[in-house]
Each structure stands twice: as structure tokens, then as C-alpha cells.
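Content type mmCIF, C-alpha atoms, pLDDT in the B column; chains and numbers go by the auth columns, from the file final22.cif:
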data_run
#
loop_
_atom_site.group_PDB
_atom_site.id
_atom_site.type_symbol
_atom_site.label_atom_id
_atom_site.label_comp_id
_atom_site.label_asym_id
_atom_site.label_seq_id
_atom_site.Cartn_x
_atom_site.Cartn_y
_atom_site.Cartn_z
_atom_site.B_iso_or_equiv
_atom_site.auth_seq_id
_atom_site.auth_asym_id
ATOM 1 C CA MET A 1 98.754 74.164 65.641 42.00 1 A
ATOM 2 C CA ASP A 2 98.958 77.774 64.507 47.00 2 A
ATOM 3 C CA PHE A 3 97.101 78.837 67.651 47.00 3 A
ATOM 4 C CA THR A 4 99.663 76.974 69.823 51.00 4 A
ATOM 5 C CA ILE A 5 102.559 78.630 68.013 49.00 5 A
ATOM 6 C CA SER A 6 100.872 82.002 68.432 53.00 6 A
ATOM 7 C CA ARG A 7 100.479 81.427 72.181 53.00 7 A
ATOM 8 C CA GLU A 8 104.134 80.397 72.516 57.00 8 A
ATOM 9 C CA SER A 9 105.225 83.430 70.502 56.00 9 A
ATOM 10 C CA TYR A 10 103.263 85.758 72.746 50.00 10 A
ATOM 11 C CA TRP A 11 104.699 84.034 75.836 54.00 11 A
ATOM 12 C CA MET A 12 108.297 84.420 74.606 60.00 12 A
ATOM 13 C CA THR A 13 107.735 88.068 73.646 61.00 13 A
ATOM 14 C CA GLY A 14 106.080 88.775 76.975 64.00 14 A
ATOM 15 C CA SER A 15 108.955 87.125 78.849 82.00 15 A
ATOM 16 C CA ARG A 16 111.540 89.294 77.093 88.00 16 A
ATOM 17 C CA ILE A 17 109.524 92.427 77.814 92.00 17 A
ATOM 18 C CA THR A 18 109.171 91.373 81.462 92.00 18 A
ATOM 19 C CA VAL A 19 112.957 91.051 81.738 93.00 19 A
ATOM 20 C CA ALA A 20 113.305 94.491 80.129 95.00 20 A
ATOM 21 C CA ALA A 21 110.829 95.920 82.658 96.00 21 A
ATOM 22 C CA HIS A 22 112.905 94.574 85.546 96.00 22 A
ATOM 23 C CA LEU A 23 116.056 96.058 84.044 97.00 23 A
ATOM 24 C CA PHE A 24 114.491 99.493 83.500 98.00 24 A
ATOM 25 C CA GLY A 25 113.156 99.439 87.071 97.00 25 A
ATOM 26 C CA ILE A 26 116.571 98.566 88.501 97.00 26 A
ATOM 27 C CA LEU A 27 118.255 101.179 86.292 98.00 27 A
ATOM 28 C CA ALA A 28 115.829 103.885 87.432 98.00 28 A
ATOM 29 C CA SER A 29 116.390 102.938 91.083 97.00 29 A
ATOM 30 C CA ILE A 30 120.167 103.166 90.664 97.00 30 A
ATOM 31 C CA LEU A 31 119.961 106.516 88.859 98.00 31 A
ATOM 32 C CA MET A 32 117.596 107.814 91.554 97.00 32 A
ATOM 33 C CA LEU A 33 120.051 106.860 94.312 97.00 33 A
ATOM 34 C CA ILE A 34 123.000 108.382 92.442 97.00 34 A
ATOM 35 C CA TRP A 35 121.060 111.617 92.010 97.00 35 A
ATOM 36 C CA LEU A 36 119.894 111.871 95.615 97.00 36 A
ATOM 37 C CA LEU A 37 123.089 110.670 97.301 96.00 37 A
ATOM 38 C CA HIS A 38 125.702 112.252 95.049 95.00 38 A
ATOM 39 C CA TYR A 39 124.037 115.465 93.869 94.00 39 A
ATOM 40 C CA ARG A 40 121.298 116.190 96.420 93.00 40 A
ATOM 41 C CA GLU A 41 122.848 115.687 99.929 91.00 41 A
ATOM 42 C CA GLY A 42 121.300 112.269 100.650 94.00 42 A
ATOM 43 C CA LEU A 43 117.983 111.355 102.225 95.00 43 A
ATOM 44 C CA ASP A 44 116.845 111.241 105.857 95.00 44 A
ATOM 45 C CA LEU A 45 113.251 111.615 107.029 96.00 45 A
ATOM 46 C CA ASP A 46 114.325 112.833 110.486 94.00 46 A
ATOM 47 C CA SER A 47 117.076 115.205 109.336 94.00 47 A
ATOM 48 C CA SER A 48 117.222 118.865 110.361 94.00 48 A
ATOM 49 C CA ASN A 49 118.112 119.557 106.718 95.00 49 A
ATOM 50 C CA PRO A 50 114.747 119.995 104.913 95.00 50 A
ATOM 51 C CA TYR A 51 116.216 118.979 101.562 95.00 51 A
ATOM 52 C CA ARG A 52 117.326 115.615 102.911 97.00 52 A
ATOM 53 C CA VAL A 53 113.791 115.149 104.231 97.00 53 A
ATOM 54 C CA PHE A 54 112.358 115.989 100.816 97.00 54 A
ATOM 55 C CA ASN A 55 114.661 113.514 99.073 97.00 55 A
ATOM 56 C CA VAL A 56 112.827 110.685 100.796 98.00 56 A
ATOM 57 C CA HIS A 57 109.798 111.637 98.690 98.00 57 A
ATOM 58 C CA PRO A 58 111.114 110.951 95.158 97.00 58 A
ATOM 59 C CA PHE A 59 112.916 107.799 96.289 97.00 59 A
ATOM 60 C CA LEU A 60 109.921 106.213 98.006 97.00 60 A
ATOM 61 C CA MET A 61 107.437 107.360 95.377 97.00 61 A
ATOM 62 C CA PHE A 62 109.440 105.541 92.722 97.00 62 A
ATOM 63 C CA PHE A 63 111.147 102.584 94.393 96.00 63 A
ATOM 64 C CA GLY A 64 108.605 102.216 97.190 95.00 64 A
ATOM 65 C CA PHE A 65 105.508 102.862 95.082 97.00 65 A
ATOM 66 C CA ILE A 66 105.840 102.773 91.279 98.00 66 A
ATOM 67 C CA PHE A 67 108.479 100.031 91.204 98.00 67 A
ATOM 68 C CA LEU A 68 106.602 97.827 93.681 97.00 68 A
ATOM 69 C CA ILE A 69 103.223 98.141 91.971 96.00 69 A
ATOM 70 C CA GLY A 70 104.937 97.302 88.679 97.00 70 A
ATOM 71 C CA GLU A 71 106.467 94.212 90.271 96.00 71 A
ATOM 72 C CA ALA A 72 103.093 93.334 91.789 96.00 72 A
ATOM 73 C CA MET A 73 101.480 93.523 88.351 95.00 73 A
ATOM 74 C CA MET A 74 104.146 91.222 86.888 94.00 74 A
ATOM 75 C CA ALA A 75 104.094 88.808 89.850 92.00 75 A
ATOM 76 C CA TYR A 76 101.773 86.462 87.979 87.00 76 A
ATOM 77 C CA LYS A 77 104.506 85.983 85.363 82.00 77 A
ATOM 78 C CA THR A 78 107.673 86.177 87.470 86.00 78 A
ATOM 79 C CA VAL A 79 106.774 84.170 90.593 85.00 79 A
ATOM 80 C CA ALA A 80 107.104 80.434 89.939 84.00 80 A
ATOM 81 C CA ALA A 81 104.301 79.285 92.227 85.00 81 A
ATOM 82 C CA GLU A 82 100.641 78.333 92.293 90.00 82 A
ATOM 83 C CA ARG A 83 98.079 80.926 91.244 86.00 83 A
ATOM 84 C CA GLN A 84 96.916 81.445 94.825 88.00 84 A
ATOM 85 C CA VAL A 85 100.484 82.145 96.007 92.00 85 A
ATOM 86 C CA GLN A 86 100.979 84.584 93.125 91.00 86 A
ATOM 87 C CA LYS A 87 97.763 86.338 94.169 91.00 87 A
ATOM 88 C CA TYR A 88 98.969 86.778 97.759 93.00 88 A
ATOM 89 C CA ILE A 89 102.354 88.078 96.601 95.00 89 A
ATOM 90 C CA HIS A 90 100.561 90.506 94.276 95.00 90 A
ATOM 91 C CA MET A 91 98.427 91.718 97.181 94.00 91 A
ATOM 92 C CA PHE A 92 101.401 91.968 99.579 96.00 92 A
ATOM 93 C CA LEU A 93 103.584 93.957 97.160 97.00 93 A
ATOM 94 C CA ASN A 94 100.739 96.392 96.551 97.00 94 A
ATOM 95 C CA LEU A 95 100.225 96.731 100.311 97.00 95 A
ATOM 96 C CA CYS A 96 103.941 97.515 100.749 97.00 96 A
ATOM 97 C CA ALA A 97 103.646 100.103 97.959 97.00 97 A
ATOM 98 C CA LEU A 98 100.676 101.667 99.744 97.00 98 A
ATOM 99 C CA VAL A 99 102.520 101.922 103.091 97.00 99 A
ATOM 100 C CA LEU A 100 105.758 103.260 101.583 97.00 100 A
ATOM 101 C CA GLY A 101 103.745 105.666 99.437 97.00 101 A
ATOM 102 C CA ILE A 102 102.178 107.115 102.584 97.00 102 A
ATOM 103 C CA VAL A 103 105.662 107.672 104.032 98.00 103 A
ATOM 104 C CA GLY A 104 106.804 109.262 100.771 97.00 104 A
ATOM 105 C CA ILE A 105 103.858 111.655 100.719 97.00 105 A
ATOM 106 C CA HIS A 106 104.436 112.466 104.401 97.00 106 A
ATOM 107 C CA ALA A 107 108.023 113.448 103.516 97.00 107 A
ATOM 108 C CA THR A 108 106.945 116.125 101.062 96.00 108 A
ATOM 109 C CA PHE A 109 104.345 117.580 103.463 97.00 109 A
ATOM 110 C CA LYS A 110 107.014 117.643 106.168 97.00 110 A
ATOM 111 C CA PHE A 111 109.374 119.445 103.785 96.00 111 A
ATOM 112 C CA HIS A 112 106.690 122.009 102.953 95.00 112 A
ATOM 113 C CA ASP A 113 106.104 122.642 106.663 95.00 113 A
ATOM 114 C CA LYS A 114 109.811 123.190 107.260 94.00 114 A
ATOM 115 C CA MET A 115 110.129 125.556 104.301 94.00 115 A
ATOM 116 C CA ASP A 116 106.738 127.253 104.802 93.00 116 A
ATOM 117 C CA ILE A 117 105.556 126.235 101.314 92.00 117 A
ATOM 118 C CA LEU A 118 101.913 125.796 100.339 91.00 118 A
ATOM 119 C CA ASP A 119 100.679 122.222 99.804 93.00 119 A
ATOM 120 C CA MET A 120 98.921 120.860 96.737 93.00 120 A
ATOM 121 C CA TYR A 121 99.558 123.814 94.443 91.00 121 A
ATOM 122 C CA SER A 122 101.016 122.121 91.354 94.00 122 A
ATOM 123 C CA LEU A 123 99.817 119.789 88.606 95.00 123 A
ATOM 124 C CA HIS A 124 102.319 117.217 89.889 96.00 124 A
ATOM 125 C CA SER A 125 100.735 117.208 93.341 96.00 125 A
ATOM 126 C CA TRP A 126 97.206 116.968 91.926 97.00 126 A
ATOM 127 C CA ILE A 127 98.054 114.005 89.691 97.00 127 A
ATOM 128 C CA GLY A 128 100.104 112.382 92.442 97.00 128 A
ATOM 129 C CA ILE A 129 97.559 112.576 95.251 97.00 129 A
ATOM 130 C CA GLY A 130 94.742 111.655 92.873 97.00 130 A
ATOM 131 C CA SER A 131 96.655 108.570 91.699 97.00 131 A
ATOM 132 C CA PHE A 132 97.420 107.551 95.267 97.00 132 A
ATOM 133 C CA CYS A 133 93.832 107.918 96.480 97.00 133 A
ATOM 134 C CA LEU A 134 92.569 105.870 93.533 97.00 134 A
ATOM 135 C CA PHE A 135 95.258 103.274 94.252 97.00 135 A
ATOM 136 C CA ILE A 136 93.953 102.882 97.821 97.00 136 A
ATOM 137 C CA LEU A 137 90.451 102.315 96.453 96.00 137 A
ATOM 138 C CA GLN A 138 91.829 99.851 93.887 96.00 138 A
ATOM 139 C CA TRP A 139 93.620 97.879 96.608 95.00 139 A
ATOM 140 C CA LEU A 140 90.548 97.764 98.844 94.00 140 A
ATOM 141 C CA PHE A 141 88.407 96.734 95.875 93.00 141 A
ATOM 142 C CA GLY A 142 90.837 93.960 94.917 92.00 142 A
ATOM 143 C CA PHE A 143 91.194 92.720 98.504 92.00 143 A
ATOM 144 C CA SER A 144 87.438 92.483 99.088 92.00 144 A
ATOM 145 C CA LEU A 145 86.778 90.999 95.643 90.00 145 A
ATOM 146 C CA PHE A 146 89.557 88.385 95.434 89.00 146 A
ATOM 147 C CA VAL A 147 90.771 87.759 99.012 88.00 147 A
ATOM 148 C CA PHE A 148 88.233 88.540 101.756 85.00 148 A
ATOM 149 C CA PRO A 149 85.281 88.246 101.941 82.00 149 A
ATOM 150 C CA LYS A 150 85.785 87.220 98.297 86.00 150 A
ATOM 151 C CA ALA A 151 83.097 87.480 95.643 85.00 151 A
ATOM 152 C CA SER A 152 81.531 84.603 93.738 89.00 152 A
ATOM 153 C CA VAL A 153 83.365 82.991 90.846 89.00 153 A
ATOM 154 C CA VAL A 154 81.032 84.640 88.333 90.00 154 A
ATOM 155 C CA THR A 155 81.500 88.093 89.856 89.00 155 A
ATOM 156 C CA ARG A 156 85.281 87.708 90.028 89.00 156 A
ATOM 157 C CA ALA A 157 85.405 86.624 86.392 88.00 157 A
ATOM 158 C CA ARG A 158 83.247 89.571 85.342 90.00 158 A
ATOM 159 C CA LEU A 159 85.214 92.195 87.288 90.00 159 A
ATOM 160 C CA SER A 160 88.789 90.875 87.003 90.00 160 A
ATOM 161 C CA HIS A 161 89.225 92.574 83.607 90.00 161 A
ATOM 162 C CA TRP A 162 88.271 95.924 85.120 92.00 162 A
ATOM 163 C CA HIS A 163 90.633 95.323 88.032 93.00 163 A
ATOM 164 C CA VAL A 164 93.519 94.721 85.629 92.00 164 A
ATOM 165 C CA LEU A 165 92.573 97.729 83.502 93.00 165 A
ATOM 166 C CA GLY A 166 92.389 99.929 86.603 94.00 166 A
ATOM 167 C CA GLY A 167 95.832 98.802 87.737 94.00 167 A
ATOM 168 C CA ARG A 168 97.372 99.520 84.357 95.00 168 A
ATOM 169 C CA SER A 169 95.751 102.967 84.242 96.00 169 A
ATOM 170 C CA LEU A 170 96.951 103.806 87.753 97.00 170 A
ATOM 171 C CA LEU A 171 100.502 102.767 86.846 97.00 171 A
ATOM 172 C CA TYR A 172 100.502 105.284 83.992 97.00 172 A
ATOM 173 C CA MET A 173 99.044 107.956 86.263 97.00 173 A
ATOM 174 C CA ALA A 174 101.803 107.302 88.805 98.00 174 A
ATOM 175 C CA VAL A 175 104.471 107.467 86.086 98.00 175 A
ATOM 176 C CA CYS A 176 102.956 110.750 84.860 98.00 176 A
ATOM 177 C CA ALA A 177 103.124 112.100 88.431 98.00 177 A
ATOM 178 C CA ALA A 178 106.778 111.079 88.686 97.00 178 A
ATOM 179 C CA LEU A 179 107.716 112.719 85.391 97.00 179 A
ATOM 180 C CA THR A 180 105.919 115.980 86.186 97.00 180 A
ATOM 181 C CA GLY A 181 107.588 115.935 89.613 97.00 181 A
ATOM 182 C CA LEU A 182 111.049 115.569 88.079 96.00 182 A
ATOM 183 C CA MET A 183 110.248 118.330 85.599 94.00 183 A
ATOM 184 C CA GLN A 184 109.104 120.576 88.440 94.00 184 A
ATOM 185 C CA LYS A 185 112.261 119.869 90.453 92.00 185 A
ATOM 186 C CA PHE A 186 114.395 120.418 87.363 92.00 186 A
ATOM 187 C CA THR A 187 112.810 123.848 86.909 90.00 187 A
ATOM 188 C CA PHE A 188 113.167 124.824 90.566 89.00 188 A
ATOM 189 C CA MET A 189 116.875 123.938 90.561 88.00 189 A
ATOM 190 C CA GLN A 190 117.368 125.921 87.328 87.00 190 A
ATOM 191 C CA LEU A 191 119.600 123.255 85.885 83.00 191 A
ATOM 192 C CA THR A 192 121.316 123.793 82.565 82.00 192 A
ATOM 193 C CA ASN A 193 123.429 121.591 80.345 79.00 193 A
ATOM 194 C CA ASP A 194 125.365 119.718 83.029 89.00 194 A
ATOM 195 C CA ARG A 195 125.802 116.162 84.345 93.00 195 A
ATOM 196 C CA GLU A 196 122.975 116.392 86.844 93.00 196 A
ATOM 197 C CA SER A 197 120.518 117.537 84.188 94.00 197 A
ATOM 198 C CA TYR A 198 121.466 114.590 81.962 94.00 198 A
ATOM 199 C CA LEU A 199 121.137 112.231 84.907 96.00 199 A
ATOM 200 C CA ILE A 200 117.611 113.465 85.654 96.00 200 A
ATOM 201 C CA ASN A 201 116.646 113.145 81.977 95.00 201 A
ATOM 202 C CA PHE A 202 117.891 109.538 81.838 97.00 202 A
ATOM 203 C CA LEU A 203 116.134 108.838 85.145 98.00 203 A
ATOM 204 C CA ALA A 204 112.856 110.151 83.718 97.00 204 A
ATOM 205 C CA LEU A 205 113.272 108.063 80.550 98.00 205 A
ATOM 206 C CA SER A 206 113.993 104.960 82.628 98.00 206 A
ATOM 207 C CA ILE A 207 110.834 105.486 84.693 98.00 207 A
ATOM 208 C CA LEU A 208 108.773 105.995 81.540 98.00 208 A
ATOM 209 C CA LEU A 209 110.202 102.870 79.888 98.00 209 A
ATOM 210 C CA PHE A 210 109.613 100.898 83.071 98.00 210 A
ATOM 211 C CA GLY A 211 105.935 101.845 83.015 97.00 211 A
ATOM 212 C CA ILE A 212 105.569 101.030 79.314 97.00 212 A
ATOM 213 C CA THR A 213 107.307 97.648 79.539 96.00 213 A
ATOM 214 C CA VAL A 214 105.342 96.651 82.649 96.00 214 A
ATOM 215 C CA ASP A 215 102.113 97.467 80.824 95.00 215 A
ATOM 216 C CA LEU A 216 103.202 95.512 77.739 93.00 216 A
ATOM 217 C CA SER A 217 104.247 92.584 79.921 91.00 217 A
ATOM 218 C CA VAL A 218 100.826 92.503 81.568 89.00 218 A
ATOM 219 C CA SER A 219 98.901 92.929 78.312 86.00 219 A
ATOM 220 C CA LEU A 220 100.859 90.183 76.525 80.00 220 A
ATOM 221 C CA GLY A 221 100.443 88.010 79.548 59.00 221 A
ATOM 222 C CA ARG A 222 96.686 87.993 78.956 49.00 222 A
ATOM 223 C CA TYR A 223 97.271 85.657 76.002 40.00 223 A
ATOM 224 C CA THR A 224 98.725 82.951 78.255 38.00 224 A
ATOM 225 C CA THR A 225 95.921 82.771 80.852 37.00 225 A
#
Is it possible to give me this structure as C-alpha cells?
Amino acid sequence: MDFTISRESYWMTGSRITVAAHLFGILASILMLIWLLHYREGLDLDSSNPYRVFNVHPFLMFFGFIFLIGEAMMAYKTVAAERQVQKYIHMFLNLCALVLGIVGIHATFKFHDKMDILDMYSLHSWIGIGSFCLFILQWLFGFSLFVFPKASVVTRARLSHWHVLGGRSLLYMAVCAALTGLMQKFTFMQLTNDRESYLINFLALSILLFGITVDLSVSLGRYTT
């Protein structure tokens, strides 16, 4: 009886945290769009304005990458469907994150070419590209292990914990890349105590809280499997 109550308590707590994760993700996306559209000239990958090209990078690396992999991680709790359907949605969202992440990274290299800036010179870029490369390996590992050609039941059971742990670690690495990127941009723009600086700070906090609540949602969800 106590064990059942404990399971229900964990489920309710995890559900509330999952809702909070969605809200922080939506809030961060809105703040990102306000920043890029209102303060930073908008975003356009094919623009002659290099700064509009660059703005595609932070938007896609959060909404197209971090937000989607967070949603993919929570898909097992938020999608009301059979386990197999949840698995395919999880895989598809991560694939979308991978594709949009490639476009987002392309945007910053394109910006560097236009502005004649060296590539891969900052801590942000090192963490970011490292996280993305590991994410590609994680996706390929998960696809081959759980989808096709698909490992045996024993192997999947033995490695699923490491797959989950790897995903959670990569989410934090991606969040760290986003925060160092915002800090770097903040420094380059030499912002002081104004509305844009507050907006960027709240954006960074929202991204951080999104990552934390996604991780808590996933970890609490382990009690209900």
C-alpha cells in the first residue's frame, strides 16, 4: 500500500514538473523571438545582412535543438499512446532536432564567412560542437539499438539506462552551450543595465530552468516504468 502511494506521489510530482518544463520551454522560445525580432533586426538565413543570418543560429539551436530534444525526452510521459508509438515520436523529434541543429550551425559558419571571423575559437563553440557531435552518435546508437536492426531484449534492457543517462547529460551540455553563447553575445554587444540586457538574462534563466525541469521530469518518470 505504501509502495503504491509512493508511486502515485512520484507520478503526480513528475507530472507537475513536466508541465513546468513545457512552460519554461515556451517562455524561452517567446523571449528568444522577442529578442531577435524586436532588438536584433530579425532572422533570415538568406539575408544580405550578416546579423540577420546569425540570428538564425540562436533561434534554431534553442527551439530547433534544445527544446525539441527536451520534448523528445518527455514524450514517454506526454504522448498518450502505446509505448511503441511513443518510441517513434521520441526518435522523430530527435531527428528533427538533429536536422534543425545542422541548419543552426550552418548559420553561424555562414555569418563568420561574411564577417571574416575565425571559426571554433571560443569555449561556447567547443562545447556546442562537441555536444552536437555526441548527440549524432547518441541518435545513431539509439536508432540501431531500439529501432533498426534492433538489439535483443536483454541487450536493450542492459543498455537503455545508459541511453537515458547519455541523453540527460547531452541536454545539460547543450544548455551549457546556450548559456555560454548568450554570455558571449552579451559581452560582444557591450550591453549595460537596459531592457535588452534584462531580457537576455531572463532568457538564459528560462533555458536553464527548462533543462533542469526536463531532467527532473525524466528522472521522476523512472519510478513509473
Chain and number of each residue from the PyMOL selection byres ((chain A and resi 67-75) around 9), as a PDB file with C-alpha atoms, keeping the file's coordinate frame:
ATOM      1  CA  THR A  18     109.171  91.373  81.462  1.00 92.00           C
ATOM      2  CA  ALA A  21     110.829  95.920  82.658  1.00 96.00           C
ATOM      3  CA  HIS A  22     112.905  94.574  85.546  1.00 96.00           C
ATOM      4  CA  GLY A  25     113.156  99.439  87.071  1.00 97.00           C
ATOM      5  CA  ILE A  26     116.571  98.566  88.501  1.00 97.00           C
ATOM      6  CA  SER A  29     116.390 102.938  91.083  1.00 97.00           C
ATOM      7  CA  MET A  61     107.437 107.360  95.377  1.00 97.00           C
ATOM      8  CA  PHE A  62     109.440 105.541  92.722  1.00 97.00           C
ATOM      9  CA  PHE A  63     111.147 102.584  94.393  1.00 96.00           C
ATOM     10  CA  GLY A  64     108.605 102.216  97.190  1.00 95.00           C
ATOM     11  CA  PHE A  65     105.508 102.862  95.082  1.00 97.00           C
ATOM     12  CA  ILE A  66     105.840 102.773  91.279  1.00 98.00           C
ATOM     13  CA  TYR A  76     101.773  86.462  87.979  1.00 87.00           C
ATOM     14  CA  LYS A  77     104.506  85.983  85.363  1.00 82.00           C
ATOM     15  CA  THR A  78     107.673  86.177  87.470  1.00 86.00           C
ATOM     16  CA  VAL A  79     106.774  84.170  90.593  1.00 85.00           C
ATOM     17  CA  ALA A  80     107.104  80.434  89.939  1.00 84.00           C
ATOM     18  CA  GLN A  86     100.979  84.584  93.125  1.00 91.00           C
ATOM     19  CA  LYS A  87      97.763  86.338  94.169  1.00 91.00           C
ATOM     20  CA  ILE A  89     102.354  88.078  96.601  1.00 95.00           C
ATOM     21  CA  HIS A  90     100.561  90.506  94.276  1.00 95.00           C
ATOM     22  CA  MET A  91      98.427  91.718  97.181  1.00 94.00           C
ATOM     23  CA  PHE A  92     101.401  91.968  99.579  1.00 96.00           C
ATOM     24  CA  LEU A  93     103.584  93.957  97.160  1.00 97.00           C
ATOM     25  CA  ASN A  94     100.739  96.392  96.551  1.00 97.00           C
ATOM     26  CA  LEU A  95     100.225  96.731 100.311  1.00 97.00           C
ATOM     27  CA  CYS A  96     103.941  97.515 100.749  1.00 97.00           C
ATOM     28  CA  ALA A  97     103.646 100.103  97.959  1.00 97.00           C
ATOM     29  CA  LEU A  98     100.676 101.667  99.744  1.00 97.00           C
ATOM     30  CA  VAL A 164      93.519  94.721  85.629  1.00 92.00           C
ATOM     31  CA  GLY A 167      95.832  98.802  87.737  1.00 94.00           C
ATOM     32  CA  ARG A 168      97.372  99.520  84.357  1.00 95.00           C
ATOM     33  CA  LEU A 171     100.502 102.767  86.846  1.00 97.00           C
ATOM     34  CA  ILE A 207     110.834 105.486  84.693  1.00 98.00           C
ATOM     35  CA  PHE A 210     109.613 100.898  83.071  1.00 98.00           C
ATOM     36  CA  GLY A 211     105.935 101.845  83.015  1.00 97.00           C
ATOM     37  CA  VAL A 214     105.342  96.651  82.649  1.00 96.00           C
ATOM     38  CA  ASP A 215     102.113  97.467  80.824  1.00 95.00           C
ATOM     39  CA  SER A 217     104.247  92.584  79.921  1.00 91.00           C
ATOM     40  CA  VAL A 218     100.826  92.503  81.568  1.00 89.00           C
ATOM     41  CA  GLY A 221     100.443  88.010  79.548  1.00 59.00           C
TER      42      GLY A 221
END
Q: Report the residues retrieved by the PyMOL selection byres ((chain A and resi 113-119) around 12) from the displayed file, expressed as a PyMOL selection string.
A: chain A and resi 46-54+105-112+120-126+129
Q.
Ranking A:Ala151, A:Lys185, A:Phe143, A:Ser15 by minimum distance to His57 in chain A and counting all atoms listed in the file, which one comes first?
A. A:Lys185
Q. To one decimal place, how far is CA of Ala28 in chain A from CA of Ser206 in chain A in Å?
A. 5.3 Å
(Q) Given all atoms listed in the file as the basis, pick out the residue of A:Val154, A:Gly128, A:Phe186, A:Phe146 nearest to Met173 in chain A. (A)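 Checking each candidate against Met173 in chain A, we get A:Gly128 as the closest.
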Q: Figure out the distance between CA of Arg83 in chain A and CA of Trp139 in chain A, please, to one decimal in Å.
A: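 Atom-to-atom, CA of Trp139 in chain A to CA of Arg83 in chain A, that is 18.3 Å.
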Q) At most 9 Å from (105.8, 113.0, 90.7), file frame, all atoms listed in the file: which residues, as JSON, numbers by chain? A) {"A": [58, 61, 62, 124, 125, 127, 128, 174, 175, 176, 177, 178, 179, 180, 181, 182, 183, 184]}
Q: Have a look at CA of Gly104 in chain A and CA of Leu60 in chain A and let me know their distance in Å, one decimal.
A: 5.2 Å
Q. Between A:Gln84, A:Leu170, A:Thr187, A:Ser131, which is the closest to Ile200 in chain A once you count only C-alpha atoms?
A.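 Checking each of A:Gln84, A:Leu170, A:Thr187, A:Ser131 against Ile200 in chain A, counting only C-alpha atoms, the winner is A:Thr187.
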Would you compute an axis-aligned box for range 50-61 of chain A, covering every atom listed for it in the file with 8 Å of margin on each side, and report centre and edge lengths in Å to one decimal as JSON?
{"center_x": 112.4, "center_y": 113.1, "center_z": 100.0, "size_x": 25.9, "size_y": 29.8, "size_z": 25.8}
(Q) Counting all atoms listed in the file, which residue out of A:Gly166, A:Leu100, A:Glu41, A:Arg158 sits closest to Phe141 in chain A? (A)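 Closest to Phe141 in chain A, using all atoms listed in the file: A:Gly166.
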